[in-house]
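**Q** After the structure tokens below, expect a handful of questions from me.
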Amino acid sequence: MKYRGQMKTSFLNDRQIRPTEYAKWRDAMRYFDRRDKERAKVQELKESIRRHGLHEPLILGISDRYPDVYVADGHHRAVALMELRTELEPRARSFPFHWYWISSSAVRMEHEPFPYHLLDC
């Protein structure tokens, strides 16, 4: 069974857990905010998280070449969590996640605990 962890939302920042599709998290936020469909998706996620919490885990990736941790899947969920965290929403303090290594030979979803030491915490 895949490892499923719980992590603090405060780790979603440009130093510890980065976005893959954007240079910085503020770029993702700006992109989502400028497009009606994207903004609506983030708002829908925020309402759902307020009511039920986040159940769909973010997928975190780690490259064996560069020990960076990044969101491989779930950018909208991550932005919704970050926005709710600034609003002090208790359900946005942490998020569920799965993770994987990317090596030169394969991508492997992990069954082992997450290597928190890579977050410099």
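In the structure tokens, chains take letters A, B, ... by order of appearance, with residues numbered from 1 within each chain and ligands from 1 in the order shown.
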Extract, using only C-alpha atoms, all DNA, RNA and protein residues at most 12 Å from A:Asp73, discarding same-chain residues fewer than 5 positions from it, and format them as JSON, numbers by chain.
**A** {"A": [18, 19, 20, 21, 56, 57, 58, 59, 60, 61, 78, 79, 97, 98, 99, 100]}
**Q** Considering only alpha helix (DSSP H) as DSSP defines it on the backbone, what residues of chain A qualify? List them as a short mmCIF file (atom, residue, chain, number, x, y, z; two decimals) with all heavy atoms, in the first residue's frame.
**A**
data_model
loop_
_atom_site.label_atom_id
_atom_site.label_comp_id
_atom_site.auth_asym_id
_atom_site.auth_seq_id
_atom_site.Cartn_x
_atom_site.Cartn_y
_atom_site.Cartn_z
N TRP A 25 5.17 29.90 -5.95
CA TRP A 25 3.74 29.73 -5.61
C TRP A 25 2.93 30.97 -5.98
O TRP A 25 1.79 30.85 -6.41
CB TRP A 25 3.57 29.40 -4.13
CG TRP A 25 3.87 27.95 -3.86
CD1 TRP A 25 4.93 27.45 -3.16
CD2 TRP A 25 3.12 26.83 -4.31
NE1 TRP A 25 4.88 26.07 -3.16
CE2 TRP A 25 3.76 25.67 -3.85
CE3 TRP A 25 1.95 26.68 -5.06
CZ2 TRP A 25 3.28 24.39 -4.11
CZ3 TRP A 25 1.47 25.41 -5.32
CH2 TRP A 25 2.13 24.28 -4.84
N ARG A 26 3.51 32.15 -5.83
CA ARG A 26 2.74 33.36 -6.19
C ARG A 26 2.40 33.37 -7.68
O ARG A 26 1.38 33.91 -8.09
CB ARG A 26 3.46 34.62 -5.75
CG ARG A 26 4.67 34.97 -6.57
CD ARG A 26 5.24 36.35 -6.22
NE ARG A 26 6.41 36.57 -7.00
CZ ARG A 26 7.66 36.43 -6.56
NH1 ARG A 26 7.88 36.12 -5.31
NH2 ARG A 26 8.68 36.64 -7.36
N ASP A 27 3.25 32.75 -8.52
CA ASP A 27 2.96 32.65 -9.95
C ASP A 27 1.75 31.74 -10.18
O ASP A 27 0.89 32.04 -11.02
CB ASP A 27 4.16 32.11 -10.72
CG ASP A 27 5.37 33.02 -10.60
OD1 ASP A 27 5.19 34.25 -10.50
OD2 ASP A 27 6.50 32.50 -10.62
N ALA A 28 1.68 30.65 -9.46
CA ALA A 28 0.51 29.76 -9.56
C ALA A 28 -0.75 30.50 -9.11
O ALA A 28 -1.79 30.44 -9.78
CB ALA A 28 0.72 28.51 -8.71
N MET A 29 -0.65 31.21 -8.00
CA MET A 29 -1.80 31.96 -7.49
C MET A 29 -2.27 33.02 -8.49
O MET A 29 -3.46 33.16 -8.73
CB MET A 29 -1.47 32.60 -6.15
CG MET A 29 -1.28 31.61 -5.05
SD MET A 29 -0.71 32.43 -3.54
CE MET A 29 -0.68 31.05 -2.42
N ARG A 30 -1.31 33.74 -9.07
CA ARG A 30 -1.66 34.75 -10.07
C ARG A 30 -2.32 34.12 -11.29
O ARG A 30 -3.30 34.64 -11.80
CB ARG A 30 -0.40 35.51 -10.52
CG ARG A 30 -0.34 36.90 -9.95
CD ARG A 30 0.80 37.68 -10.58
NE ARG A 30 1.76 37.90 -9.53
CZ ARG A 30 3.05 37.65 -9.57
NH1 ARG A 30 3.61 37.18 -10.65
NH2 ARG A 30 3.81 37.88 -8.56
N TYR A 31 -1.78 33.01 -11.75
CA TYR A 31 -2.33 32.32 -12.92
C TYR A 31 -3.77 31.89 -12.64
O TYR A 31 -4.66 32.11 -13.46
CB TYR A 31 -1.46 31.11 -13.27
CG TYR A 31 -1.98 30.34 -14.45
CD1 TYR A 31 -1.66 30.74 -15.75
CD2 TYR A 31 -2.79 29.22 -14.28
CE1 TYR A 31 -2.14 30.04 -16.85
CE2 TYR A 31 -3.27 28.52 -15.37
CZ TYR A 31 -2.95 28.93 -16.65
OH TYR A 31 -3.43 28.24 -17.73
N PHE A 32 -4.00 31.27 -11.49
CA PHE A 32 -5.34 30.81 -11.15
C PHE A 32 -6.30 31.98 -10.97
O PHE A 32 -7.46 31.90 -11.35
CB PHE A 32 -5.33 29.96 -9.88
CG PHE A 32 -4.58 28.66 -10.00
CD1 PHE A 32 -4.15 28.00 -8.86
CD2 PHE A 32 -4.28 28.09 -11.23
CE1 PHE A 32 -3.47 26.79 -8.95
CE2 PHE A 32 -3.58 26.89 -11.33
CZ PHE A 32 -3.19 26.24 -10.18
N ASP A 33 -5.81 33.06 -10.40
CA ASP A 33 -6.67 34.20 -10.13
C ASP A 33 -7.10 34.92 -11.42
O ASP A 33 -8.18 35.51 -11.47
CB ASP A 33 -5.96 35.18 -9.20
CG ASP A 33 -6.92 36.19 -8.60
OD1 ASP A 33 -8.01 35.78 -8.17
OD2 ASP A 33 -6.57 37.39 -8.57
N ARG A 34 -6.29 34.87 -12.45
CA ARG A 34 -6.58 35.59 -13.70
C ARG A 34 -7.51 34.83 -14.64
O ARG A 34 -7.95 35.39 -15.64
CB ARG A 34 -5.28 35.89 -14.44
CG ARG A 34 -4.43 36.91 -13.75
CD ARG A 34 -3.17 37.17 -14.53
NE ARG A 34 -2.34 38.11 -13.81
CZ ARG A 34 -1.04 38.20 -13.97
NH1 ARG A 34 -0.41 37.41 -14.84
NH2 ARG A 34 -0.35 39.07 -13.30
N ASP A 36 -11.01 32.65 -15.02
CA ASP A 36 -12.27 32.37 -14.33
C ASP A 36 -12.41 30.90 -13.94
O ASP A 36 -12.80 30.59 -12.82
CB ASP A 36 -13.47 32.79 -15.18
CG ASP A 36 -13.55 34.30 -15.34
OD1 ASP A 36 -12.96 35.02 -14.52
OD2 ASP A 36 -14.21 34.74 -16.30
N LYS A 37 -12.12 30.00 -14.86
CA LYS A 37 -12.27 28.57 -14.60
C LYS A 37 -11.34 28.12 -13.46
O LYS A 37 -11.76 27.36 -12.58
CB LYS A 37 -11.96 27.79 -15.88
CG LYS A 37 -12.13 26.30 -15.74
CD LYS A 37 -11.83 25.62 -17.07
CE LYS A 37 -11.85 24.12 -16.92
NZ LYS A 37 -11.46 23.44 -18.15
N GLU A 38 -10.11 28.60 -13.48
CA GLU A 38 -9.13 28.22 -12.44
C GLU A 38 -9.53 28.81 -11.09
O GLU A 38 -9.45 28.14 -10.06
CB GLU A 38 -7.73 28.68 -12.83
CG GLU A 38 -7.27 28.26 -14.21
CD GLU A 38 -7.18 26.77 -14.40
OE1 GLU A 38 -6.97 26.03 -13.43
OE2 GLU A 38 -7.30 26.31 -15.55
N ARG A 39 -9.93 30.09 -11.10
CA ARG A 39 -10.35 30.75 -9.86
C ARG A 39 -11.56 30.03 -9.26
O ARG A 39 -11.63 29.81 -8.05
CB ARG A 39 -10.70 32.22 -10.13
CG ARG A 39 -11.01 32.99 -8.86
CD ARG A 39 -11.27 34.48 -9.06
NE ARG A 39 -10.69 35.06 -10.25
CZ ARG A 39 -11.39 35.47 -11.31
NH1 ARG A 39 -12.71 35.37 -11.34
NH2 ARG A 39 -10.78 36.01 -12.35
N ALA A 40 -12.52 29.64 -10.13
CA ALA A 40 -13.70 28.93 -9.66
C ALA A 40 -13.32 27.58 -9.04
O ALA A 40 -13.90 27.19 -8.01
CB ALA A 40 -14.69 28.73 -10.81
N LYS A 41 -12.36 26.90 -9.62
CA LYS A 41 -11.92 25.61 -9.09
C LYS A 41 -11.30 25.78 -7.70
O LYS A 41 -11.59 25.00 -6.79
CB LYS A 41 -10.92 24.96 -10.04
CG LYS A 41 -10.51 23.57 -9.63
CD LYS A 41 -9.69 22.90 -10.71
CE LYS A 41 -9.36 21.47 -10.30
NZ LYS A 41 -8.70 20.73 -11.36
N VAL A 42 -10.46 26.80 -7.54
CA VAL A 42 -9.84 27.06 -6.23
C VAL A 42 -10.92 27.41 -5.20
O VAL A 42 -10.90 26.91 -4.07
CB VAL A 42 -8.76 28.16 -6.32
CG1 VAL A 42 -8.30 28.59 -4.94
CG2 VAL A 42 -7.58 27.67 -7.16
N GLN A 43 -11.89 28.24 -5.59
CA GLN A 43 -12.97 28.62 -4.66
C GLN A 43 -13.80 27.39 -4.26
O GLN A 43 -14.17 27.24 -3.09
CB GLN A 43 -13.87 29.69 -5.29
CG GLN A 43 -13.19 31.04 -5.42
CD GLN A 43 -12.65 31.57 -4.11
OE1 GLN A 43 -13.26 31.44 -3.05
NE2 GLN A 43 -11.46 32.14 -4.16
N GLU A 44 -14.09 26.53 -5.22
CA GLU A 44 -14.85 25.31 -4.95
C GLU A 44 -14.08 24.42 -3.97
O GLU A 44 -14.66 23.86 -3.04
CB GLU A 44 -15.10 24.58 -6.26
CG GLU A 44 -15.87 23.29 -6.13
CD GLU A 44 -16.03 22.62 -7.48
OE1 GLU A 44 -16.48 23.27 -8.44
OE2 GLU A 44 -15.69 21.42 -7.56
N LEU A 45 -12.79 24.29 -4.19
CA LEU A 45 -11.95 23.50 -3.28
C LEU A 45 -11.92 24.11 -1.88
O LEU A 45 -12.00 23.38 -0.89
CB LEU A 45 -10.53 23.39 -3.83
CG LEU A 45 -10.36 22.41 -4.98
CD1 LEU A 45 -9.05 22.68 -5.71
CD2 LEU A 45 -10.42 20.98 -4.48
N LYS A 46 -11.84 25.42 -1.80
CA LYS A 46 -11.82 26.07 -0.49
C LYS A 46 -13.11 25.78 0.28
O LYS A 46 -13.07 25.47 1.47
CB LYS A 46 -11.62 27.59 -0.64
CG LYS A 46 -10.19 27.95 -1.02
CD LYS A 46 -10.03 29.41 -1.37
CE LYS A 46 -10.29 30.35 -0.23
NZ LYS A 46 -9.97 31.76 -0.57
N GLU A 47 -14.24 25.88 -0.40
CA GLU A 47 -15.52 25.59 0.25
C GLU A 47 -15.59 24.13 0.70
O GLU A 47 -16.05 23.83 1.81
CB GLU A 47 -16.69 25.93 -0.67
CG GLU A 47 -16.89 27.42 -0.86
CD GLU A 47 -17.04 28.17 0.46
OE1 GLU A 47 -17.79 27.71 1.35
OE2 GLU A 47 -16.38 29.22 0.61
N SER A 48 -15.14 23.24 -0.14
CA SER A 48 -15.14 21.82 0.21
C SER A 48 -14.23 21.53 1.40
O SER A 48 -14.59 20.79 2.31
CB SER A 48 -14.70 21.00 -1.01
OG SER A 48 -14.62 19.64 -0.67
N ILE A 49 -13.05 22.14 1.40
CA ILE A 49 -12.12 21.94 2.52
C ILE A 49 -12.70 22.51 3.80
O ILE A 49 -12.59 21.89 4.87
CB ILE A 49 -10.74 22.57 2.19
CG1 ILE A 49 -10.08 21.80 1.05
CG2 ILE A 49 -9.85 22.59 3.43
CD1 ILE A 49 -8.88 22.51 0.43
N ARG A 50 -13.34 23.66 3.73
CA ARG A 50 -13.98 24.24 4.92
C ARG A 50 -15.02 23.28 5.51
O ARG A 50 -15.14 23.14 6.71
CB ARG A 50 -14.67 25.56 4.58
CG ARG A 50 -13.78 26.75 4.54
CD ARG A 50 -14.60 28.03 4.41
NE ARG A 50 -13.74 29.17 4.20
CZ ARG A 50 -13.58 29.78 3.03
NH1 ARG A 50 -14.23 29.39 1.96
NH2 ARG A 50 -12.76 30.80 2.93
N ARG A 51 -15.80 22.65 4.63
CA ARG A 51 -16.88 21.77 5.09
C ARG A 51 -16.40 20.38 5.50
O ARG A 51 -16.85 19.83 6.50
CB ARG A 51 -17.94 21.62 4.00
CG ARG A 51 -18.81 22.85 3.81
CD ARG A 51 -20.03 22.58 2.93
NE ARG A 51 -19.74 21.95 1.65
CZ ARG A 51 -19.41 22.61 0.54
NH1 ARG A 51 -19.33 23.93 0.55
NH2 ARG A 51 -19.16 21.96 -0.58
N HIS A 52 -15.49 19.81 4.72
CA HIS A 52 -15.16 18.40 4.90
C HIS A 52 -13.68 18.12 5.12
O HIS A 52 -13.32 16.96 5.34
CB HIS A 52 -15.60 17.60 3.66
CG HIS A 52 -17.00 17.87 3.24
ND1 HIS A 52 -18.09 17.47 3.97
CD2 HIS A 52 -17.49 18.53 2.16
CE1 HIS A 52 -19.20 17.85 3.36
NE2 HIS A 52 -18.87 18.50 2.26
N HIS A 75 -1.84 21.18 -7.56
CA HIS A 75 -1.54 22.61 -7.42
C HIS A 75 -2.77 23.42 -6.99
O HIS A 75 -2.66 24.31 -6.14
CB HIS A 75 -0.98 23.17 -8.73
CG HIS A 75 0.40 22.69 -9.02
ND1 HIS A 75 0.65 21.48 -9.61
CD2 HIS A 75 1.60 23.26 -8.78
CE1 HIS A 75 1.95 21.30 -9.72
NE2 HIS A 75 2.56 22.38 -9.23
N HIS A 76 -3.94 23.12 -7.54
CA HIS A 76 -5.16 23.84 -7.13
C HIS A 76 -5.47 23.59 -5.65
O HIS A 76 -5.79 24.51 -4.92
CB HIS A 76 -6.36 23.42 -7.98
CG HIS A 76 -6.31 23.91 -9.38
ND1 HIS A 76 -5.64 23.23 -10.37
CD2 HIS A 76 -6.84 25.02 -9.96
CE1 HIS A 76 -5.76 23.90 -11.51
NE2 HIS A 76 -6.48 24.99 -11.29
N ARG A 77 -5.33 22.34 -5.23
CA ARG A 77 -5.56 22.01 -3.82
C ARG A 77 -4.55 22.71 -2.93
O ARG A 77 -4.90 23.23 -1.87
CB ARG A 77 -5.48 20.49 -3.62
CG ARG A 77 -6.71 19.77 -4.13
CD ARG A 77 -6.53 18.27 -4.13
NE ARG A 77 -5.86 17.94 -5.39
CZ ARG A 77 -5.18 16.84 -5.63
NH1 ARG A 77 -5.05 15.92 -4.70
NH2 ARG A 77 -4.63 16.64 -6.81
N ALA A 78 -3.30 22.76 -3.37
CA ALA A 78 -2.26 23.43 -2.58
C ALA A 78 -2.56 24.92 -2.43
O ALA A 78 -2.45 25.48 -1.34
CB ALA A 78 -0.89 23.21 -3.22
N VAL A 79 -2.94 25.57 -3.52
CA VAL A 79 -3.26 27.00 -3.46
C VAL A 79 -4.47 27.23 -2.57
O VAL A 79 -4.48 28.16 -1.74
CB VAL A 79 -3.48 27.58 -4.88
CG1 VAL A 79 -4.11 28.96 -4.84
CG2 VAL A 79 -2.15 27.62 -5.63
N ALA A 80 -5.49 26.39 -2.68
CA ALA A 80 -6.67 26.53 -1.81
C ALA A 80 -6.26 26.40 -0.34
O ALA A 80 -6.69 27.19 0.50
CB ALA A 80 -7.72 25.48 -2.18
N LEU A 81 -5.42 25.43 -0.03
CA LEU A 81 -4.94 25.25 1.34
C LEU A 81 -4.16 26.46 1.83
O LEU A 81 -4.35 26.93 2.96
CB LEU A 81 -4.06 24.00 1.44
CG LEU A 81 -4.77 22.67 1.41
CD1 LEU A 81 -3.78 21.54 1.14
CD2 LEU A 81 -5.52 22.42 2.72
N MET A 82 -3.27 26.99 0.98
CA MET A 82 -2.47 28.15 1.38
C MET A 82 -3.36 29.37 1.63
O MET A 82 -3.15 30.11 2.60
CB MET A 82 -1.41 28.46 0.32
CG MET A 82 -0.29 27.43 0.33
SD MET A 82 1.07 27.87 -0.78
CE MET A 82 0.38 27.39 -2.35
N GLU A 83 -4.36 29.57 0.78
CA GLU A 83 -5.27 30.70 0.98
C GLU A 83 -6.08 30.52 2.25
O GLU A 83 -6.27 31.48 3.02
CB GLU A 83 -6.19 30.87 -0.24
CG GLU A 83 -5.46 31.40 -1.45
CD GLU A 83 -6.36 31.60 -2.66
OE1 GLU A 83 -7.60 31.44 -2.54
OE2 GLU A 83 -5.82 31.90 -3.74
N LEU A 84 -6.58 29.32 2.50
CA LEU A 84 -7.34 29.07 3.72
C LEU A 84 -6.48 29.21 4.97
O LEU A 84 -6.95 29.65 6.01
CB LEU A 84 -7.97 27.67 3.67
CG LEU A 84 -9.16 27.52 2.75
CD1 LEU A 84 -9.53 26.05 2.60
CD2 LEU A 84 -10.35 28.32 3.26
N ARG A 85 -5.24 28.82 4.85
CA ARG A 85 -4.33 28.95 6.00
C ARG A 85 -4.15 30.41 6.39
O ARG A 85 -4.11 30.74 7.57
CB ARG A 85 -2.98 28.32 5.67
CG ARG A 85 -2.05 28.29 6.85
CD ARG A 85 -0.81 27.46 6.55
NE ARG A 85 0.10 27.57 7.64
CZ ARG A 85 1.07 28.49 7.73
NH1 ARG A 85 1.25 29.34 6.76
NH2 ARG A 85 1.86 28.54 8.78
N THR A 86 -4.08 31.30 5.40
CA THR A 86 -3.96 32.73 5.71
C THR A 86 -5.24 33.26 6.35
O THR A 86 -5.21 34.26 7.05
CB THR A 86 -3.62 33.58 4.47
OG1 THR A 86 -4.67 33.49 3.54
CG2 THR A 86 -2.31 33.13 3.85
#
**Q** Which value, in Å to one decimal, gives the distance between atom CA of A:Leu54 and atom CA of A:Ser94?
**A** 8.9 Å
**Q** Given only C-alpha atoms as the basis, pick out the residue of A:Asp68, A:Tyr22, A:Gly53, A:Met1 nearest to A:Trp101.
**A**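 Of the candidates, the smallest distance to A:Trp101 is held by A:Asp68.
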